[in-house]
Structures are given as structure tokens and as C-alpha cells.
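Enquirer: To be precise about what I am sending: the file is called data27.pdb and holds PDB, C-alpha atoms.
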```pdb
ATOM      1  CA  MET X   1     -24.054  -5.843   9.013  1.00  0.00           C
ATOM      2  CA  LYS X   2     -23.889  -3.097  11.653  1.00  0.00           C
ATOM      3  CA  PHE X   3     -20.131  -3.655  12.052  1.00  0.00           C
ATOM      4  CA  VAL X   4     -19.574  -3.401   8.282  1.00  0.00           C
ATOM      5  CA  GLY X   5     -21.621  -0.203   8.155  1.00  0.00           C
ATOM      6  CA  LEU X   6     -19.565   1.210  11.011  1.00  0.00           C
ATOM      7  CA  VAL X   7     -16.315   0.339   9.216  1.00  0.00           C
ATOM      8  CA  VAL X   8     -17.507   1.960   5.970  1.00  0.00           C
ATOM      9  CA  CYS X   9     -18.804   5.066   7.767  1.00  0.00           C
ATOM     10  CA  GLY X  10     -15.634   5.318   9.864  1.00  0.00           C
ATOM     11  CA  ALA X  11     -13.433   4.916   6.803  1.00  0.00           C
ATOM     12  CA  GLY X  12     -15.472   7.548   4.985  1.00  0.00           C
ATOM     13  CA  ALA X  13     -15.132   9.993   7.851  1.00  0.00           C
ATOM     14  CA  LEU X  14     -11.394   9.313   8.114  1.00  0.00           C
ATOM     15  CA  GLY X  15     -11.002   9.663   4.362  1.00  0.00           C
ATOM     16  CA  SER X  16     -12.825  12.988   4.300  1.00  0.00           C
ATOM     17  CA  VAL X  17     -10.582  14.330   7.059  1.00  0.00           C
ATOM     18  CA  LEU X  18      -7.348  13.064   5.486  1.00  0.00           C
ATOM     19  CA  PHE X  19      -8.005  13.502   1.803  1.00  0.00           C
ATOM     20  CA  SER X  20     -10.563  16.137   0.924  1.00  0.00           C
ATOM     21  CA  PRO X  21     -10.361  19.884   0.837  1.00  0.00           C
ATOM     22  CA  ALA X  22     -12.998  21.921   2.654  1.00  0.00           C
ATOM     23  CA  VAL X  23     -16.385  21.820   0.950  1.00  0.00           C
ATOM     24  CA  ALA X  24     -18.202  25.119   0.926  1.00  0.00           C
ATOM     25  CA  HIS X  25     -21.647  25.464  -0.625  1.00  0.00           C
ATOM     26  CA  ALA X  26     -21.310  22.313  -2.729  1.00  0.00           C
ATOM     27  CA  GLU X  27     -24.434  21.025  -4.405  1.00  0.00           C
ATOM     28  CA  ALA X  28     -25.622  17.748  -2.891  1.00  0.00           C
ATOM     29  CA  VAL X  29     -27.611  14.970  -4.570  1.00  0.00           C
ATOM     30  CA  GLN X  30     -28.535  11.482  -3.429  1.00  0.00           C
ATOM     31  CA  CYS X  31     -29.746   8.339  -5.165  1.00  0.00           C
ATOM     32  CA  VAL X  32     -30.923   5.346  -3.147  1.00  0.00           C
ATOM     33  CA  SER X  33     -32.344   2.196  -4.738  1.00  0.00           C
ATOM     34  CA  THR X  34     -33.663  -1.124  -3.469  1.00  0.00           C
ATOM     35  CA  SER X  35     -34.966  -4.312  -5.117  1.00  0.00           C
ATOM     36  CA  GLY X  36     -35.124  -3.731  -8.876  1.00  0.00           C
ATOM     37  CA  GLN X  37     -35.101   0.083  -8.721  1.00  0.00           C
ATOM     38  CA  GLN X  38     -32.797   2.565 -10.369  1.00  0.00           C
ATOM     39  CA  MET X  39     -32.398   6.310  -9.966  1.00  0.00           C
ATOM     40  CA  THR X  40     -30.389   9.063 -11.617  1.00  0.00           C
ATOM     41  CA  VAL X  41     -30.040  12.708 -10.578  1.00  0.00           C
ATOM     42  CA  VAL X  42     -28.009  15.214 -12.583  1.00  0.00           C
ATOM     43  CA  GLU X  43     -27.491  18.778 -11.366  1.00  0.00           C
ATOM     44  CA  PRO X  44     -25.062  21.419 -12.667  1.00  0.00           C
ATOM     45  CA  ALA X  45     -22.386  20.672 -10.041  1.00  0.00           C
ATOM     46  CA  ALA X  46     -23.207  17.130  -8.864  1.00  0.00           C
ATOM     47  CA  ALA X  47     -24.661  13.845 -10.084  1.00  0.00           C
ATOM     48  CA  CYS X  48     -25.536  10.398  -8.807  1.00  0.00           C
ATOM     49  CA  GLY X  49     -26.910   7.117 -10.025  1.00  0.00           C
ATOM     50  CA  SER X  50     -27.993   3.947  -8.249  1.00  0.00           C
ATOM     51  CA  ALA X  51     -29.366   0.613  -9.424  1.00  0.00           C
ATOM     52  CA  VAL X  52     -30.322  -2.722  -7.894  1.00  0.00           C
ATOM     53  CA  GLU X  53     -30.689  -5.653 -10.262  1.00  0.00           C
ATOM     54  CA  ASP X  54     -32.702  -7.985  -8.057  1.00  0.00           C
ATOM     55  CA  ARG X  55     -32.223  -7.540  -4.316  1.00  0.00           C
ATOM     56  CA  GLY X  56     -29.958  -5.456  -2.122  1.00  0.00           C
ATOM     57  CA  THR X  57     -29.378  -1.746  -1.734  1.00  0.00           C
ATOM     58  CA  ALA X  58     -27.406   0.848  -3.638  1.00  0.00           C
ATOM     59  CA  ALA X  59     -26.746   4.357  -2.344  1.00  0.00           C
ATOM     60  CA  ALA X  60     -24.884   7.067  -4.220  1.00  0.00           C
ATOM     61  CA  TYR X  61     -24.137  10.613  -3.171  1.00  0.00           C
ATOM     62  CA  GLY X  62     -22.652  13.548  -5.025  1.00  0.00           C
ATOM     63  CA  LEU X  63     -21.495  16.523  -2.974  1.00  0.00           C
ATOM     64  CA  GLY X  64     -19.998  18.659  -5.686  1.00  0.00           C
ATOM     65  CA  GLY X  65     -18.926  15.389  -7.362  1.00  0.00           C
ATOM     66  CA  ILE X  66     -20.289  12.214  -8.929  1.00  0.00           C
ATOM     67  CA  GLY X  67     -21.401   9.078  -7.076  1.00  0.00           C
ATOM     68  CA  TYR X  68     -22.610   5.788  -8.572  1.00  0.00           C
ATOM     69  CA  ALA X  69     -23.587   2.476  -6.960  1.00  0.00           C
ATOM     70  CA  LYS X  70     -24.951  -0.788  -8.386  1.00  0.00           C
ATOM     71  CA  SER X  71     -26.047  -3.779  -6.336  1.00  0.00           C
ATOM     72  CA  ILE X  72     -26.283  -7.283  -7.756  1.00  0.00           C
ATOM     73  CA  ASP X  73     -27.533 -10.310  -5.815  1.00  0.00           C
ATOM     74  CA  GLY X  74     -27.918  -8.696  -2.403  1.00  0.00           C
ATOM     75  CA  ALA X  75     -24.934  -6.355  -2.258  1.00  0.00           C
ATOM     76  CA  SER X  76     -24.999  -3.158  -0.215  1.00  0.00           C
ATOM     77  CA  ALA X  77     -23.204  -0.809  -2.617  1.00  0.00           C
ATOM     78  CA  LEU X  78     -22.037   2.736  -1.867  1.00  0.00           C
ATOM     79  CA  GLY X  79     -20.577   5.379  -4.192  1.00  0.00           C
ATOM     80  CA  VAL X  80     -19.661   8.905  -3.065  1.00  0.00           C
ATOM     81  CA  GLY X  81     -18.121  11.793  -5.012  1.00  0.00           C
ATOM     82  CA  VAL X  82     -17.050  14.942  -3.117  1.00  0.00           C
ATOM     83  CA  SER X  83     -15.605  18.247  -4.367  1.00  0.00           C
ATOM     84  CA  GLY X  84     -14.979  17.153  -7.954  1.00  0.00           C
ATOM     85  CA  GLY X  85     -14.302  13.512  -7.104  1.00  0.00           C
ATOM     86  CA  VAL X  86     -15.848  10.375  -8.569  1.00  0.00           C
ATOM     87  CA  GLY X  87     -16.815   7.337  -6.486  1.00  0.00           C
ATOM     88  CA  ALA X  88     -18.312   4.349  -8.332  1.00  0.00           C
ATOM     89  CA  SER X  89     -19.026   0.886  -6.936  1.00  0.00           C
ATOM     90  CA  GLU X  90     -20.585  -2.273  -8.301  1.00  0.00           C
ATOM     91  CA  GLY X  91     -20.692  -5.644  -6.681  1.00  0.00           C
ATOM     92  CA  THR X  92     -22.349  -9.021  -6.466  1.00  0.00           C
ATOM     93  CA  GLY X  93     -22.997  -9.647  -2.788  1.00  0.00           C
ATOM     94  CA  GLY X  94     -20.925  -8.105  -0.018  1.00  0.00           C
ATOM     95  CA  VAL X  95     -20.285  -4.407   0.539  1.00  0.00           C
ATOM     96  CA  PRO X  96     -18.538  -2.570  -2.310  1.00  0.00           C
ATOM     97  CA  ALA X  97     -17.813   1.051  -1.355  1.00  0.00           C
ATOM     98  CA  ALA X  98     -16.002   3.786  -3.308  1.00  0.00           C
ATOM     99  CA  LEU X  99     -15.276   7.354  -2.190  1.00  0.00           C
ATOM    100  CA  GLY X 100     -13.699   9.974  -4.465  1.00  0.00           C
ATOM    101  CA  LEU X 101     -12.702  12.935  -2.280  1.00  0.00           C
ATOM    102  CA  GLY X 102     -11.420  16.037  -4.006  1.00  0.00           C
ATOM    103  CA  PRO X 103     -10.664  17.326  -7.510  1.00  0.00           C
ATOM    104  CA  GLY X 104      -9.326  14.717  -9.915  1.00  0.00           C
ATOM    105  CA  SER X 105      -9.971  11.813  -7.547  1.00  0.00           C
ATOM    106  CA  VAL X 106     -11.369   8.552  -8.901  1.00  0.00           C
ATOM    107  CA  ALA X 107     -12.318   5.587  -6.695  1.00  0.00           C
ATOM    108  CA  ILE X 108     -13.758   2.454  -8.321  1.00  0.00           C
ATOM    109  CA  VAL X 109     -14.863  -0.878  -6.887  1.00  0.00           C
ATOM    110  CA  SER X 110     -15.997  -3.567  -9.321  1.00  0.00           C
ATOM    111  CA  VAL X 111     -16.214  -7.053  -7.839  1.00  0.00           C
ATOM    112  CA  GLU X 112     -18.145 -10.144  -8.887  1.00  0.00           C
ATOM    113  CA  ARG X 113     -18.220 -11.456  -5.339  1.00  0.00           C
ATOM    114  CA  GLY X 114     -16.902 -10.211  -2.092  1.00  0.00           C
ATOM    115  CA  SER X 115     -17.279  -9.326   1.517  1.00  0.00           C
ATOM    116  CA  LEU X 116     -15.966  -5.783   2.008  1.00  0.00           C
ATOM    117  CA  SER X 117     -14.277  -3.958  -0.858  1.00  0.00           C
ATOM    118  CA  LEU X 118     -13.235  -0.355  -0.213  1.00  0.00           C
ATOM    119  CA  ALA X 119     -11.609   2.283  -2.426  1.00  0.00           C
ATOM    120  CA  ILE X 120     -10.876   5.812  -1.198  1.00  0.00           C
ATOM    121  CA  ALA X 121      -9.081   8.334  -3.401  1.00  0.00           C
ATOM    122  CA  GLY X 122      -8.009  11.832  -2.419  1.00  0.00           C
ATOM    123  CA  THR X 123      -7.251  14.831  -4.597  1.00  0.00           C
ATOM    124  CA  GLY X 124      -5.558  13.840  -7.861  1.00  0.00           C
ATOM    125  CA  SER X 125      -5.348  10.169  -6.854  1.00  0.00           C
ATOM    126  CA  ASN X 126      -6.909   6.877  -7.963  1.00  0.00           C
ATOM    127  CA  ALA X 127      -7.976   3.743  -6.105  1.00  0.00           C
ATOM    128  CA  LEU X 128      -9.308   0.561  -7.721  1.00  0.00           C
ATOM    129  CA  VAL X 129     -10.589  -2.687  -6.239  1.00  0.00           C
ATOM    130  CA  ALA X 130     -11.212  -5.510  -8.707  1.00  0.00           C
ATOM    131  CA  ASP X 131     -11.942  -9.214  -8.413  1.00  0.00           C
ATOM    132  CA  VAL X 132      -9.675 -11.451  -6.338  1.00  0.00           C
ATOM    133  CA  ASP X 133      -7.514 -12.482  -9.310  1.00  0.00           C
ATOM    134  CA  GLN X 134      -7.017  -8.858 -10.440  1.00  0.00           C
ATOM    135  CA  GLY X 135      -6.272  -7.267  -7.075  1.00  0.00           C
ATOM    136  CA  VAL X 136      -6.093  -3.638  -6.019  1.00  0.00           C
ATOM    137  CA  VAL X 137      -4.417  -0.559  -7.514  1.00  0.00           C
ATOM    138  CA  CYS X 138      -3.465   2.767  -5.914  1.00  0.00           C
ATOM    139  CA  ALA X 139      -1.962   5.762  -7.717  1.00  0.00           C
ATOM    140  CA  GLY X 140      -1.182   9.330  -6.724  1.00  0.00           C
ATOM    141  CA  SER X 141      -0.414  10.601  -3.244  1.00  0.00           C
ATOM    142  CA  ALA X 142      -3.608   9.841  -1.315  1.00  0.00           C
ATOM    143  CA  ALA X 143      -5.397   6.547  -1.989  1.00  0.00           C
ATOM    144  CA  ILE X 144      -6.427   3.358  -0.234  1.00  0.00           C
ATOM    145  CA  ALA X 145      -7.826   0.201  -1.838  1.00  0.00           C
ATOM    146  CA  TRP X 146      -8.812  -2.924   0.096  1.00  0.00           C
ATOM    147  CA  ASN X 147     -10.387  -6.196  -0.988  1.00  0.00           C
ATOM    148  CA  ALA X 148     -11.087  -8.131   2.220  1.00  0.00           C
ATOM    149  CA  LEU X 149     -11.947 -11.360   0.376  1.00  0.00           C
ATOM    150  CA  ALA X 150      -8.597 -11.350  -1.447  1.00  0.00           C
ATOM    151  CA  GLY X 151      -6.629 -10.056   1.520  1.00  0.00           C
ATOM    152  CA  ALA X 152      -5.220  -7.398  -0.786  1.00  0.00           C
ATOM    153  CA  VAL X 153      -4.571  -3.784   0.189  1.00  0.00           C
ATOM    154  CA  CYS X 154      -2.603  -0.851  -1.164  1.00  0.00           C
ATOM    155  CA  VAL X 155      -1.943   2.654   0.107  1.00  0.00           C
ATOM    156  CA  ALA X 156      -0.623   5.564  -1.955  1.00  0.00           C
ATOM    157  CA  THR X 157       1.165   8.295  -0.004  1.00  0.00           C
ATOM    158  CA  PRO X 158       3.352  11.257  -0.927  1.00  0.00           C
ATOM    159  CA  VAL X 159       6.410   9.018  -0.379  1.00  0.00           C
ATOM    160  CA  GLY X 160       5.247   6.066  -2.478  1.00  0.00           C
ATOM    161  CA  VAL X 161       2.776   3.256  -2.973  1.00  0.00           C
ATOM    162  CA  PHE X 162       2.696   0.335  -0.573  1.00  0.00           C
ATOM    163  CA  SER X 163       0.894  -2.884  -1.488  1.00  0.00           C
ATOM    164  CA  THR X 164       0.392  -6.436  -0.215  1.00  0.00           C
ATOM    165  CA  ARG X 165       0.415  -7.706  -3.814  1.00  0.00           C
TER     166      ARG X 165
END
```
Turn the structure described in the file into C-alpha cells.
Expert:
Amino acid sequence: MKFVGLVVCGAGALGSVLFSPAVAHAEAVQCVSTSGQQMTVVEPAAACGSAVEDRGTAAAYGLGGIGYAKSIDGASALGVGVSGGVGASEGTGGVPAALGLGPGSVAIVSVERGSLSLAIAGTGSNALVADVDQGVVCAGSAAIAWNALAGAVCVATPVGVFSTR
């Protein structure tokens, strides 16, 4: 699990450097839930929500944005919204992680089962990770979506969208 956490943290740090504008004085909120808990925090400039159905962990952070995470059956879910972005993840098992970085960004992970599922969207872009049979979707000029279980990945850049499926 330490390796997976390192990958998610490293990807988040890389995503914030590549995709998000500078954040100055943004309001920060956090919601962290474990076994059967849920939490919601709504502030004027940020919001978060987290829920765990039975076991697992869900952590959501809003730094001038909206974060949501839901864990089912032992997942370690992460949702982060920064500077007007939305990051929402939900998963059964595995590590679903979604980071929306910048105005108009939407990153969503919704998987019924999985190992690592990661969506990062930059300003004005979208990233979606769905179940194995539905794949990944990237739109805009700054997005990455990866479903490790499906072996599917896409990357949206200013010159186009590249995808394995």
C-alpha cells in the first residue's frame, strides 16, 4: 500500500505543477471517513464529502474547489478539487483517486472493482475512469485517466488526445 500511496501522491504533485494555476488564499476543507462514517463540509469557496459504506477509507479535500470520495468494500478513495476544480472518486476495493486542478476541471473515477484508478484534469479539461468494459475518457488540453486493472490510459494535451483504447 505504501507504493500505491507514493504513486498517488507523486501523481498529485506532478498534476498540481503541470495543470493548476497558482493558488493564493484559497479556502481549504477536508473530509476523512473510515468504517461506516460519512462527512460533509460546505464553505463559501470550497466543499468536500466522504463516505465509507463498510470498511476502507475515503479522503476528500477542497482547496478552493470541491472534493468527494466514497469507499466501498475496503477501497482507499481520494477526491481533490483545487482552484475551482472538482475531483470525485468512488470505488469498490482498490485505490480510486480523482484530482480536479483549476477552473472548469472535472475528474471522476467510478469503478466497481479495481487496483489503481487515477483521473487528473487541469483547467477546462475532463478526465473519467470507469469500469473495465467502459474504459477511460480524456477531454480538453490537460487531462490524464488511467485504469490499471483494464490497462487503459488516455492523455489530453494541447495537440490532441492520445489513448490506448
Enquirer: When you count only C-alpha atoms, which of these residues is closest to Ser35 in chain X: X:Ser76, X:Ser115, X:Thr57, X:Ser50?
Expert: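 Residue with the minimum atom-to-atom distance to Ser35 in chain X: X:Thr57.
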Enquirer: Counting all atoms listed in the file, which of X:Ala88, X:Ala59, X:Ala46, X:Cys31 gets nearest to Ala107 in chain X?
Expert: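 Among the listed residues, X:Ala88 lies closest to Ala107 in chain X.
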Enquirer: When the PyMOL selection byres ((chain X and resi 111) around 8) is applied to the file above, which residues end up in the set, as a list in words?
Expert: Glu90, Gly91, Thr92, Pro96, Val109, Ser110, Glu112, Arg113, Gly114, Ser117, Val129, Ala130 and Asp131 of chain X
Enquirer: Written as a ChimeraX atom specification, which residues does the PyMOL selection byres ((chain X and resi 60) around 7) give for the file shown?
Expert: /X:30-32,48-50,58-59,61-62,67-69,78-80
Enquirer: Rank X:Ala139, X:Leu63, X:Ala51, X:Ala75 by their smallest atom-to-atom distance to Cys154 in chain X, using only C-alpha atoms, and report the top residue only.
Expert: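 Closest residue, counting only C-alpha atoms: X:Ala139.
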Enquirer: For the structure shown, which residues end up in the PyMOL selection byres ((chain X and resi 152) around 7)? Put them as a VMD selection string, please?
Expert: chain X and resid 135 to 136 146 to 148 150 to 151 153 164 to 165
Enquirer: With C-alpha atoms retained, export the selected residues as a PDB file, in the frame of the given file.
Expert:
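Saved file out-v1.pdb follows:
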```
ATOM      1  CA  GLY X 135      -6.272  -7.267  -7.075  1.00  0.00           C
ATOM      2  CA  VAL X 136      -6.093  -3.638  -6.019  1.00  0.00           C
ATOM      3  CA  TRP X 146      -8.812  -2.924   0.096  1.00  0.00           C
ATOM      4  CA  ASN X 147     -10.387  -6.196  -0.988  1.00  0.00           C
ATOM      5  CA  ALA X 148     -11.087  -8.131   2.220  1.00  0.00           C
ATOM      6  CA  ALA X 150      -8.597 -11.350  -1.447  1.00  0.00           C
ATOM      7  CA  GLY X 151      -6.629 -10.056   1.520  1.00  0.00           C
ATOM      8  CA  VAL X 153      -4.571  -3.784   0.189  1.00  0.00           C
ATOM      9  CA  THR X 164       0.392  -6.436  -0.215  1.00  0.00           C
ATOM     10  CA  ARG X 165       0.415  -7.706  -3.814  1.00  0.00           C
TER      11      ARG X 165
END
```
Enquirer: One number please: CA of Val95 in chain X to CA of Leu128 in chain X, in Å, one decimal.
Expert: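 Computed distance, CA of Val95 in chain X to CA of Leu128 in chain X, equals 14.6 Å.
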Enquirer: Would you compute the distance between CA of Ile66 in chain X and CA of Pro158 in chain X? Give it in Å to one decimal.
Expert: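 Result for CA of Ile66 in chain X versus CA of Pro158 in chain X: 25.0 Å, one decimal.
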Enquirer: Mind giving me the straight-line distance from CA of Ala145 in chain X to CA of Ser83 in chain X in Å, one decimal?
Expert: 19.8 Å
Enquirer: Provide an axis-aligned box for all listed atoms of range 37-44 of chain X, padding each side by 5 Å; report its centre and its edge lengths in Å to one decimal, as AutoDock Vina command-line options.
Expert:
```
--center_x -30.1 --center_y 10.8 --center_z -10.7 --size_x 20.0 --size_y 31.3 --size_z 13.9
```
Enquirer: Find, counting all atoms listed in the file, the residue in X:Phe162, X:Gly64, X:Ala121, X:Lys70 that gets nearest to Met39 in chain X.
Expert: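 Using all atoms listed in the file, the shortest distance to Met39 in chain X belongs to X:Lys70.
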Enquirer: From the options X:Ala156, X:Ile144, X:Ala28, X:Val41, which residue's atoms come nearest to Gly84 in chain X, counting only C-alpha atoms?
Expert: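 Looking only at the distances to Gly84 in chain X, the closest residue turns out to be X:Ala28.
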Enquirer: Mind checking which residues fall within 10 Å of Asn126 in chain X, counting only C-alpha atoms, ignoring those fewer than 4 positions away in the same chain, and posting them as a PDB file with C-alpha atoms, keeping the file's coordinate frame?
Expert:
```
ATOM      1  CA  GLY X  85     -14.302  13.512  -7.104  1.00  0.00           C
ATOM      2  CA  VAL X  86     -15.848  10.375  -8.569  1.00  0.00           C
ATOM      3  CA  GLY X 100     -13.699   9.974  -4.465  1.00  0.00           C
ATOM      4  CA  GLY X 104      -9.326  14.717  -9.915  1.00  0.00           C
ATOM      5  CA  SER X 105      -9.971  11.813  -7.547  1.00  0.00           C
ATOM      6  CA  VAL X 106     -11.369   8.552  -8.901  1.00  0.00           C
ATOM      7  CA  ALA X 107     -12.318   5.587  -6.695  1.00  0.00           C
ATOM      8  CA  ILE X 108     -13.758   2.454  -8.321  1.00  0.00           C
ATOM      9  CA  ALA X 119     -11.609   2.283  -2.426  1.00  0.00           C
ATOM     10  CA  ILE X 120     -10.876   5.812  -1.198  1.00  0.00           C
ATOM     11  CA  ALA X 121      -9.081   8.334  -3.401  1.00  0.00           C
ATOM     12  CA  GLY X 122      -8.009  11.832  -2.419  1.00  0.00           C
ATOM     13  CA  VAL X 137      -4.417  -0.559  -7.514  1.00  0.00           C
ATOM     14  CA  CYS X 138      -3.465   2.767  -5.914  1.00  0.00           C
ATOM     15  CA  ALA X 139      -1.962   5.762  -7.717  1.00  0.00           C
ATOM     16  CA  GLY X 140      -1.182   9.330  -6.724  1.00  0.00           C
ATOM     17  CA  SER X 141      -0.414  10.601  -3.244  1.00  0.00           C
ATOM     18  CA  ALA X 142      -3.608   9.841  -1.315  1.00  0.00           C
ATOM     19  CA  ALA X 143      -5.397   6.547  -1.989  1.00  0.00           C
ATOM     20  CA  ILE X 144      -6.427   3.358  -0.234  1.00  0.00           C
ATOM     21  CA  ALA X 145      -7.826   0.201  -1.838  1.00  0.00           C
ATOM     22  CA  ALA X 156      -0.623   5.564  -1.955  1.00  0.00           C
TER      23      ALA X 156
END
```
